[in-house]
>>> print(open('target18.cif').read())   # mmCIF, C-alpha atoms
data_data
loop_
_atom_site.label_atom_id
_atom_site.label_comp_id
_atom_site.auth_asym_id
_atom_site.auth_seq_id
_atom_site.Cartn_x
_atom_site.Cartn_y
_atom_site.Cartn_z
CA MET C 1 39.37 7.36 -50.61
CA SER C 2 41.65 10.40 -50.90
CA LEU C 3 41.46 13.39 -48.57
CA THR C 4 40.19 15.58 -51.41
CA ARG C 5 37.30 13.24 -52.15
CA ILE C 6 36.37 13.12 -48.47
CA ARG C 7 36.26 16.92 -48.34
CA ARG C 8 34.12 17.10 -51.48
CA ALA C 9 31.70 14.50 -50.09
CA THR C 10 31.46 16.39 -46.79
CA VAL C 11 30.77 19.69 -48.54
CA ALA C 12 28.10 18.04 -50.72
CA SER C 13 26.42 16.56 -47.67
CA LEU C 14 26.37 19.92 -45.88
CA ARG C 15 24.88 21.61 -48.97
CA ARG C 16 22.13 19.00 -49.18
CA ALA C 17 21.39 19.38 -45.46
CA ARG C 18 21.20 23.18 -45.81
CA SER C 19 18.94 22.81 -48.81
CA ASP C 20 16.65 20.46 -46.93
CA PHE C 21 16.59 22.87 -43.98
CA ASN C 22 15.67 25.82 -46.19
CA ARG C 23 12.87 23.89 -47.93
CA ARG C 24 11.09 23.15 -44.64
CA SER C 25 8.87 25.79 -43.02
CA LEU C 26 9.27 27.29 -39.58
CA GLY C 27 6.07 25.48 -38.58
CA TYR C 28 7.71 22.13 -39.30
CA TYR C 29 10.51 22.85 -36.85
CA ALA C 30 8.07 24.24 -34.27
CA ARG C 31 6.08 21.01 -34.44
CA ALA C 32 9.23 18.90 -34.17
CA PHE C 33 10.33 20.91 -31.13
CA CYS C 34 6.92 20.42 -29.50
CA VAL C 35 7.09 16.67 -30.08
CA LEU C 36 10.57 16.53 -28.56
CA LEU C 37 9.44 18.63 -25.60
CA CYS C 38 6.43 16.34 -25.01
CA VAL C 39 8.64 13.27 -25.07
CA LEU C 40 10.99 14.84 -22.53
CA VAL C 41 8.08 15.78 -20.24
CA LEU C 42 6.60 12.28 -20.42
CA ILE C 43 9.84 10.58 -19.41
CA MET C 44 10.59 12.99 -16.56
CA PRO C 45 9.89 11.86 -12.95
CA SER C 46 6.28 12.49 -11.97
CA PRO C 47 5.39 14.88 -9.10
CA TYR C 48 2.62 12.45 -8.12
CA VAL C 49 2.41 9.29 -6.06
CA VAL C 50 0.51 6.38 -7.58
CA GLU C 51 -1.09 3.92 -5.14
CA THR C 52 -2.45 0.47 -6.02
CA PRO C 53 -3.69 -2.49 -3.92
CA GLY C 54 -0.69 -4.11 -2.26
CA PRO C 55 -0.08 -7.63 -0.96
CA THR C 56 -1.86 -9.06 2.06
CA ARG C 57 -0.32 -11.09 4.86
CA ASN C 58 -1.98 -13.61 7.15
CA VAL C 59 -0.74 -12.42 10.56
CA LEU C 60 -1.45 -15.91 11.93
CA GLY C 61 1.01 -17.40 9.45
CA THR C 62 4.58 -16.91 8.30
CA SER C 63 6.64 -14.52 6.21
CA ASP C 64 10.03 -15.55 4.78
CA GLY C 65 9.82 -18.76 6.80
CA LYS C 66 9.31 -16.99 10.14
CA GLN C 67 6.16 -16.60 12.22
CA ILE C 68 4.75 -13.11 11.69
CA ILE C 69 3.64 -13.18 15.33
CA ALA C 70 5.99 -15.33 17.42
CA ILE C 71 4.94 -15.90 21.03
CA SER C 72 7.00 -17.56 23.76
CA GLY C 73 6.48 -18.19 27.46
CA VAL C 74 2.97 -19.61 27.07
CA ALA C 75 1.12 -22.20 25.00
CA THR C 76 -0.32 -20.87 21.73
CA HIS C 77 -3.28 -22.08 19.70
CA LYS C 78 -3.86 -22.46 15.95
CA GLN C 79 -6.72 -20.91 14.05
CA SER C 80 -8.59 -22.60 11.23
CA GLY C 81 -9.00 -19.34 9.29
CA GLN C 82 -6.90 -16.34 8.38
CA LEU C 83 -6.51 -12.76 9.57
CA LEU C 84 -5.24 -10.64 6.70
CA MET C 85 -3.39 -7.39 7.13
CA VAL C 86 -3.73 -5.31 3.98
CA THR C 87 -1.33 -2.91 2.28
CA VAL C 88 -0.99 -0.35 -0.47
CA ASN C 89 1.81 -0.26 -3.05
CA ALA C 90 3.14 3.24 -3.70
CA ALA C 91 5.20 4.39 -6.68
CA GLY C 92 6.57 7.91 -6.90
CA VAL C 93 7.77 7.99 -3.29
CA PRO C 94 11.48 8.65 -2.53
CA GLY C 95 13.58 5.91 -4.06
CA TYR C 96 10.77 4.67 -6.32
CA ALA C 97 10.53 7.28 -9.09
CA MET C 98 7.81 6.99 -11.70
CA PRO C 99 7.80 8.76 -15.13
CA ASN C 100 4.91 11.01 -16.10
CA ILE C 101 3.85 8.71 -18.95
CA GLU C 102 3.36 5.78 -16.57
CA THR C 103 1.51 7.99 -14.07
CA LEU C 104 -0.84 9.09 -16.85
CA ALA C 105 -1.52 5.49 -17.85
CA MET C 106 -2.16 4.44 -14.23
CA TYR C 107 -4.53 7.39 -13.73
CA MET C 108 -6.93 5.77 -16.19
CA ARG C 109 -7.30 2.63 -14.05
CA SER C 110 -10.13 2.19 -11.55
CA ASP C 111 -7.93 0.40 -9.00
CA THR C 112 -5.48 3.28 -8.67
CA THR C 113 -5.25 6.46 -6.62
CA VAL C 114 -3.05 9.35 -7.79
CA LEU C 115 -2.01 11.91 -5.16
CA PRO C 116 0.31 14.95 -5.20
CA SER C 117 3.64 13.88 -3.72
CA GLU C 118 3.49 16.55 -1.00
CA ALA C 119 0.33 14.88 0.34
CA VAL C 120 2.33 11.69 0.99
CA PHE C 121 5.82 12.79 2.05
CA PRO C 122 7.61 16.10 2.82
CA PRO C 123 9.33 17.83 -0.12
CA GLY C 124 12.99 16.90 -0.34
CA GLN C 125 12.72 13.78 1.81
CA SER C 126 15.39 11.22 0.92
CA SER C 127 14.69 7.56 0.26
CA GLU C 128 16.66 6.64 3.40
CA ASP C 129 14.57 8.97 5.58
CA TYR C 130 11.35 7.75 3.97
CA ASP C 131 12.20 4.09 4.63
CA LYS C 132 13.38 4.90 8.14
CA GLU C 133 10.15 6.70 8.99
CA SER C 134 8.04 3.88 7.54
CA HIS C 135 9.88 1.22 9.54
CA HIS C 136 9.71 3.36 12.68
CA GLU C 137 5.93 3.60 12.30
CA MET C 138 5.68 -0.16 11.84
CA SER C 139 7.83 -0.80 14.90
CA GLY C 140 5.69 1.52 17.00
CA SER C 141 2.57 -0.17 15.68
CA GLN C 142 3.86 -3.59 16.71
CA LYS C 143 4.76 -2.41 20.21
CA SER C 144 1.32 -0.86 20.71
CA ALA C 145 -0.35 -3.99 19.34
CA THR C 146 1.58 -6.20 21.76
CA LYS C 147 0.69 -4.03 24.75
CA GLN C 148 -3.01 -3.87 23.91
CA ALA C 149 -3.21 -7.56 22.99
CA LEU C 150 -1.67 -8.74 26.27
CA ALA C 151 -3.94 -6.46 28.29
CA TYR C 152 -7.02 -7.73 26.45
CA ALA C 153 -5.97 -11.38 26.66
CA LYS C 154 -5.56 -10.97 30.41
CA ARG C 155 -9.16 -9.75 30.59
CA LEU C 156 -10.14 -12.96 28.79
CA GLY C 157 -8.47 -15.03 31.49
CA VAL C 158 -5.13 -15.73 29.81
CA ASP C 159 -2.09 -15.79 32.10
CA THR C 160 0.20 -13.33 30.35
CA SER C 161 2.99 -13.29 32.94
CA GLY C 162 6.29 -14.09 31.24
CA VAL C 163 4.80 -13.89 27.76
CA ARG C 164 7.07 -12.53 25.03
CA VAL C 165 5.77 -11.41 21.66
CA ARG C 166 7.94 -10.75 18.62
CA MET C 167 6.54 -9.63 15.29
CA HIS C 168 8.37 -10.23 12.02
CA ILE C 169 7.72 -8.75 8.62
CA ASP C 170 10.42 -7.04 6.59
CA ASP C 171 8.88 -5.63 3.44
CA ILE C 172 5.95 -3.65 4.85
CA GLY C 173 5.98 -0.39 6.79
CA GLY C 174 3.57 2.06 8.35
CA PRO C 175 1.19 1.87 11.33
CA SER C 176 -2.03 0.65 9.72
CA ALA C 177 -1.64 -3.06 10.59
CA GLY C 178 -1.88 -2.38 14.32
CA MET C 179 -5.40 -3.69 14.83
CA MET C 180 -4.76 -6.90 12.89
CA TYR C 181 -1.51 -7.54 14.78
CA THR C 182 -3.47 -7.13 18.01
CA LEU C 183 -6.26 -9.49 16.96
CA GLY C 184 -3.73 -12.02 15.70
CA THR C 185 -1.86 -12.01 19.01
CA ILE C 186 -5.06 -12.44 21.03
CA SER C 187 -6.21 -15.26 18.75
CA LYS C 188 -2.93 -17.13 19.27
CA LEU C 189 -3.17 -16.75 23.03
CA THR C 190 -6.76 -18.00 23.44
CA ALA C 191 -7.98 -21.56 23.03
CA ARG C 192 -11.04 -20.36 21.11
CA ASP C 193 -10.99 -20.61 17.31
CA GLU C 194 -12.14 -17.04 16.71
CA THR C 195 -11.88 -17.14 12.91
CA GLY C 196 -14.08 -20.21 12.49
CA GLY C 197 -12.30 -21.02 9.23
CA LYS C 198 -13.13 -17.64 7.68
CA ILE C 199 -10.75 -15.30 5.86
CA ILE C 200 -11.12 -11.95 7.59
CA ALA C 201 -9.21 -8.82 6.57
CA GLY C 202 -8.98 -5.50 8.29
CA THR C 203 -7.01 -2.35 8.91
CA GLY C 204 -6.62 0.38 11.50
CA THR C 205 -4.05 1.69 13.92
CA MET C 206 -4.00 0.40 17.51
CA GLU C 207 -3.97 3.34 19.88
CA ASN C 208 -3.84 3.74 23.65
CA GLY C 209 -6.97 2.65 25.45
CA GLY C 210 -7.80 0.17 22.71
CA LYS C 211 -9.03 2.74 20.20
CA VAL C 212 -8.91 1.80 16.52
CA GLY C 213 -7.55 4.74 14.51
CA ALA C 214 -8.03 5.86 10.92
CA ILE C 215 -5.66 4.91 8.11
CA GLY C 216 -5.05 5.88 4.48
CA GLY C 217 -5.80 4.03 1.26
CA ILE C 218 -8.73 2.03 2.61
CA ARG C 219 -10.49 1.74 -0.76
CA LEU C 220 -7.43 0.12 -2.31
CA LYS C 221 -6.96 -2.09 0.75
CA MET C 222 -10.51 -3.43 0.39
CA LEU C 223 -9.75 -4.33 -3.23
CA GLY C 224 -6.63 -6.19 -2.10
CA ALA C 225 -8.60 -8.02 0.58
CA LYS C 226 -11.25 -9.15 -1.89
CA ARG C 227 -8.59 -10.19 -4.42
CA ASP C 228 -6.94 -12.45 -1.83
CA GLY C 229 -10.08 -14.25 -0.75
CA ALA C 230 -11.44 -12.26 2.20
CA ALA C 231 -15.21 -12.14 2.64
CA TRP C 232 -15.09 -9.80 5.68
CA PHE C 233 -13.34 -6.50 6.26
CA LEU C 234 -12.97 -4.79 9.63
CA ALA C 235 -12.88 -1.02 8.97
CA PRO C 236 -12.20 1.85 11.39
CA ALA C 237 -15.36 3.83 12.08
CA SER C 238 -13.38 7.02 11.37
CA ASN C 239 -12.80 5.79 7.79
CA CYS C 240 -16.45 5.07 7.06
CA ASP C 241 -16.85 8.11 4.80
CA GLU C 242 -14.31 6.50 2.45
CA VAL C 243 -15.81 3.02 2.75
CA VAL C 244 -19.44 3.75 1.87
CA GLY C 245 -20.07 3.14 -1.81
CA HIS C 246 -16.68 1.55 -2.42
CA VAL C 247 -16.98 -1.91 -0.86
CA PRO C 248 -16.20 -4.52 -3.56
CA SER C 249 -18.94 -7.00 -4.40
CA GLY C 250 -18.63 -10.09 -2.23
CA LEU C 251 -16.87 -8.27 0.61
CA ARG C 252 -18.81 -7.31 3.76
CA ASP C 253 -17.48 -4.37 5.77
CA VAL C 254 -17.80 -4.21 9.55
CA LYS C 255 -17.48 -0.88 11.37
CA VAL C 256 -15.29 -0.95 14.50
CA SER C 257 -13.99 1.83 16.73
CA THR C 258 -12.35 -0.11 19.56
CA LEU C 259 -10.38 -3.30 20.07
CA ASP C 260 -13.29 -4.81 21.99
CA GLU C 261 -15.66 -4.14 19.08
CA ALA C 262 -13.14 -5.62 16.65
CA TYR C 263 -12.63 -8.76 18.75
CA GLN C 264 -16.36 -9.28 19.31
CA ALA C 265 -16.91 -8.83 15.57
CA LEU C 266 -14.21 -11.42 14.87
CA VAL C 267 -15.90 -13.91 17.20
CA ALA C 268 -19.33 -13.26 15.66
CA ILE C 269 -17.99 -13.77 12.13
CA GLY C 270 -16.32 -17.01 13.18
CA GLN C 271 -19.62 -18.22 14.62
CA GLY C 272 -21.51 -17.39 11.44
CA LYS C 273 -23.34 -14.44 12.99
CA GLY C 274 -21.57 -11.65 11.14
CA GLU C 275 -24.56 -10.41 9.16
CA LYS C 276 -25.95 -8.65 12.25
CA LEU C 277 -22.78 -6.62 12.74
CA PRO C 278 -22.85 -2.87 11.98
CA HIS C 279 -21.39 -1.69 8.69
CA CYS C 280 -20.43 1.76 7.47
CA THR C 281 -23.31 4.02 6.49
CA VAL C 282 -23.55 7.57 5.19
#
>>> encode(input="target18.cif", output="structure tokens")
Amino acid sequence: MSLTRIRRATVASLRRARSDFNRRSLGYYARAFCVLLCVLVLIMPSPYVVETPGPTRNVLGTSDGKQIIAISGVATHKQSGQLLMVTVNAAGVPGYAMPNIETLAMYMRSDTTVLPSEAVFPPGQSSEDYDKESHHEMSGSQKSATKQALAYAKRLGVDTSGVRVRMHIDDIGGPSAGMMYTLGTISKLTARDETGGKIIAGTGTMENGGKVGAIGGIRLKMLGAKRDGAAWFLAPASNCDEVVGHVPSGLRDVKVSTLDEAYQALVAIGQGKGEKLPHCTV
């Protein structure tokens, strides 16, 4: 095609485009702009954090081929049941951006909690700092669990001199597994089969003096526990206001405020006497 023909074709195309533009009303372009703006807003990162039930882990078992609770320096004992630590998956936290359209879709689900991001992490926090803080909390939780577990096992007559406890789990952070780490360590150190073949889940921090502390996301954690086969759920007494009315069918909650209460509840459940244990009430 010659240069002249190309120019004529280009001019004709521009005239047609201008004609089409002039034929359409201002309202047409306003609507098109609004549609484009809505699309842009929907694909932008959401200022909310979306939480869903996360995976569970049997603290008496293994993770990535390693014992979650590895004990040396003393004989350990197997349990016939499971002790499940429970977690929450979070999208929208640093390093895990989530678009507005997906947040909107997740908001419609009953097994989801949507929170403003500032309620979960400080504004401007980097993904590295977020991960570092989460792992630091988990490390502190494990150290506290070891200390409280050894002290309690000693009260039960276990010789804890020379005992070393190492806890391994790479893909989960935060402090909320403290109580289950503690119960798992005690169960491995004692000859008694505390679980009695039951699948028992629970959550709560392990604080000084054996106090069980409150945690976040307990409604979602109960859903995860029920999904993975638990029939019992040990819940911090300080979380009872979030537990009442939200316990999944087939899951029985047990209110605990101290390590001793949690351990005694574990023993009672293993013996088939769990129905008499206190549960959360209004």
>>> residues_around(input="target18.cif", residues="stretch 128-132 of chain C", least_positions_apart="6", cutoff="12 Å", atoms="only C-alpha atoms", output="JSON, numbers by chain")
{"C": [92, 93, 94, 95, 96, 120, 121, 122, 138, 139, 170, 171, 172, 173, 174]}
>>> write_last_selection(input="target18.cif", atoms="C-alpha atoms", output="mmCIF file, in the frame of the given file")
data_model
loop_
_atom_site.group_PDB
_atom_site.id
_atom_site.type_symbol
_atom_site.label_atom_id
_atom_site.label_comp_id
_atom_site.auth_asym_id
_atom_site.auth_seq_id
_atom_site.Cartn_x
_atom_site.Cartn_y
_atom_site.Cartn_z
ATOM 1 C CA GLY C 92 6.570 7.910 -6.900
ATOM 2 C CA VAL C 93 7.770 7.990 -3.290
ATOM 3 C CA PRO C 94 11.480 8.650 -2.530
ATOM 4 C CA GLY C 95 13.580 5.910 -4.060
ATOM 5 C CA TYR C 96 10.770 4.670 -6.320
ATOM 6 C CA VAL C 120 2.330 11.690 0.990
ATOM 7 C CA PHE C 121 5.820 12.790 2.050
ATOM 8 C CA PRO C 122 7.610 16.100 2.820
ATOM 9 C CA MET C 138 5.680 -0.160 11.840
ATOM 10 C CA SER C 139 7.830 -0.800 14.900
ATOM 11 C CA ASP C 170 10.420 -7.040 6.590
ATOM 12 C CA ASP C 171 8.880 -5.630 3.440
ATOM 13 C CA ILE C 172 5.950 -3.650 4.850
ATOM 14 C CA GLY C 173 5.980 -0.390 6.790
ATOM 15 C CA GLY C 174 3.570 2.060 8.350
#
>>> resolve_selection(input="target18.cif", expression="the PyMOL selection byres ((chain C and resi 219) around 8)", output="ChimeraX atom specification")
/C:217-218,220-223,242-243,246-247
>>> write_last_selection(input="target18.cif", atoms="C-alpha atoms", output="mmCIF file, in the coordinates of the input")
data_model
loop_
_atom_site.group_PDB
_atom_site.id
_atom_site.type_symbol
_atom_site.label_atom_id
_atom_site.label_comp_id
_atom_site.auth_asym_id
_atom_site.auth_seq_id
_atom_site.Cartn_x
_atom_site.Cartn_y
_atom_site.Cartn_z
ATOM 1 C CA GLY C 217 -5.800 4.030 1.260
ATOM 2 C CA ILE C 218 -8.730 2.030 2.610
ATOM 3 C CA LEU C 220 -7.430 0.120 -2.310
ATOM 4 C CA LYS C 221 -6.960 -2.090 0.750
ATOM 5 C CA MET C 222 -10.510 -3.430 0.390
ATOM 6 C CA LEU C 223 -9.750 -4.330 -3.230
ATOM 7 C CA GLU C 242 -14.310 6.500 2.450
ATOM 8 C CA VAL C 243 -15.810 3.020 2.750
ATOM 9 C CA HIS C 246 -16.680 1.550 -2.420
ATOM 10 C CA VAL C 247 -16.980 -1.910 -0.860
#
>>> resolve_selection(input="target18.cif", expression="the PyMOL selection byres ((chain C and resi 260) around 10)", output="VMD selection string")
chain C and resid 152 183 210 to 212 256 to 259 261 to 266
>>> closest_residue(input="target18.cif", among="C:Gly270, C:Ile200, C:Thr182, C:Pro55", to="C:Arg166", atoms="all atoms listed in the file")
C:Thr182
>>> resolve_selection(input="target18.cif", expression="the PyMOL selection byres ((chain C and resi 208) around 10)", output="list in words")
Ser144, Ala145, Lys147, Gln148, Thr205, Met206, Glu207, Gly209, Gly210, Lys211, Val212 and Gly213 of chain C
>>> closest_residue(input="target18.cif", among="C:Pro53, C:Leu42, C:Ser127, C:Lys78", to="C:Ala105", atoms="all atoms listed in the file")
C:Leu42
>>> residues_around(input="target18.cif", residues="C:Arg155", least_positions_apart="3", cutoff="12 Å", atoms="only C-alpha atoms", output="NGL selection string")
:C and (148-152 or 158-160 or 186 or 189-190 or 260)
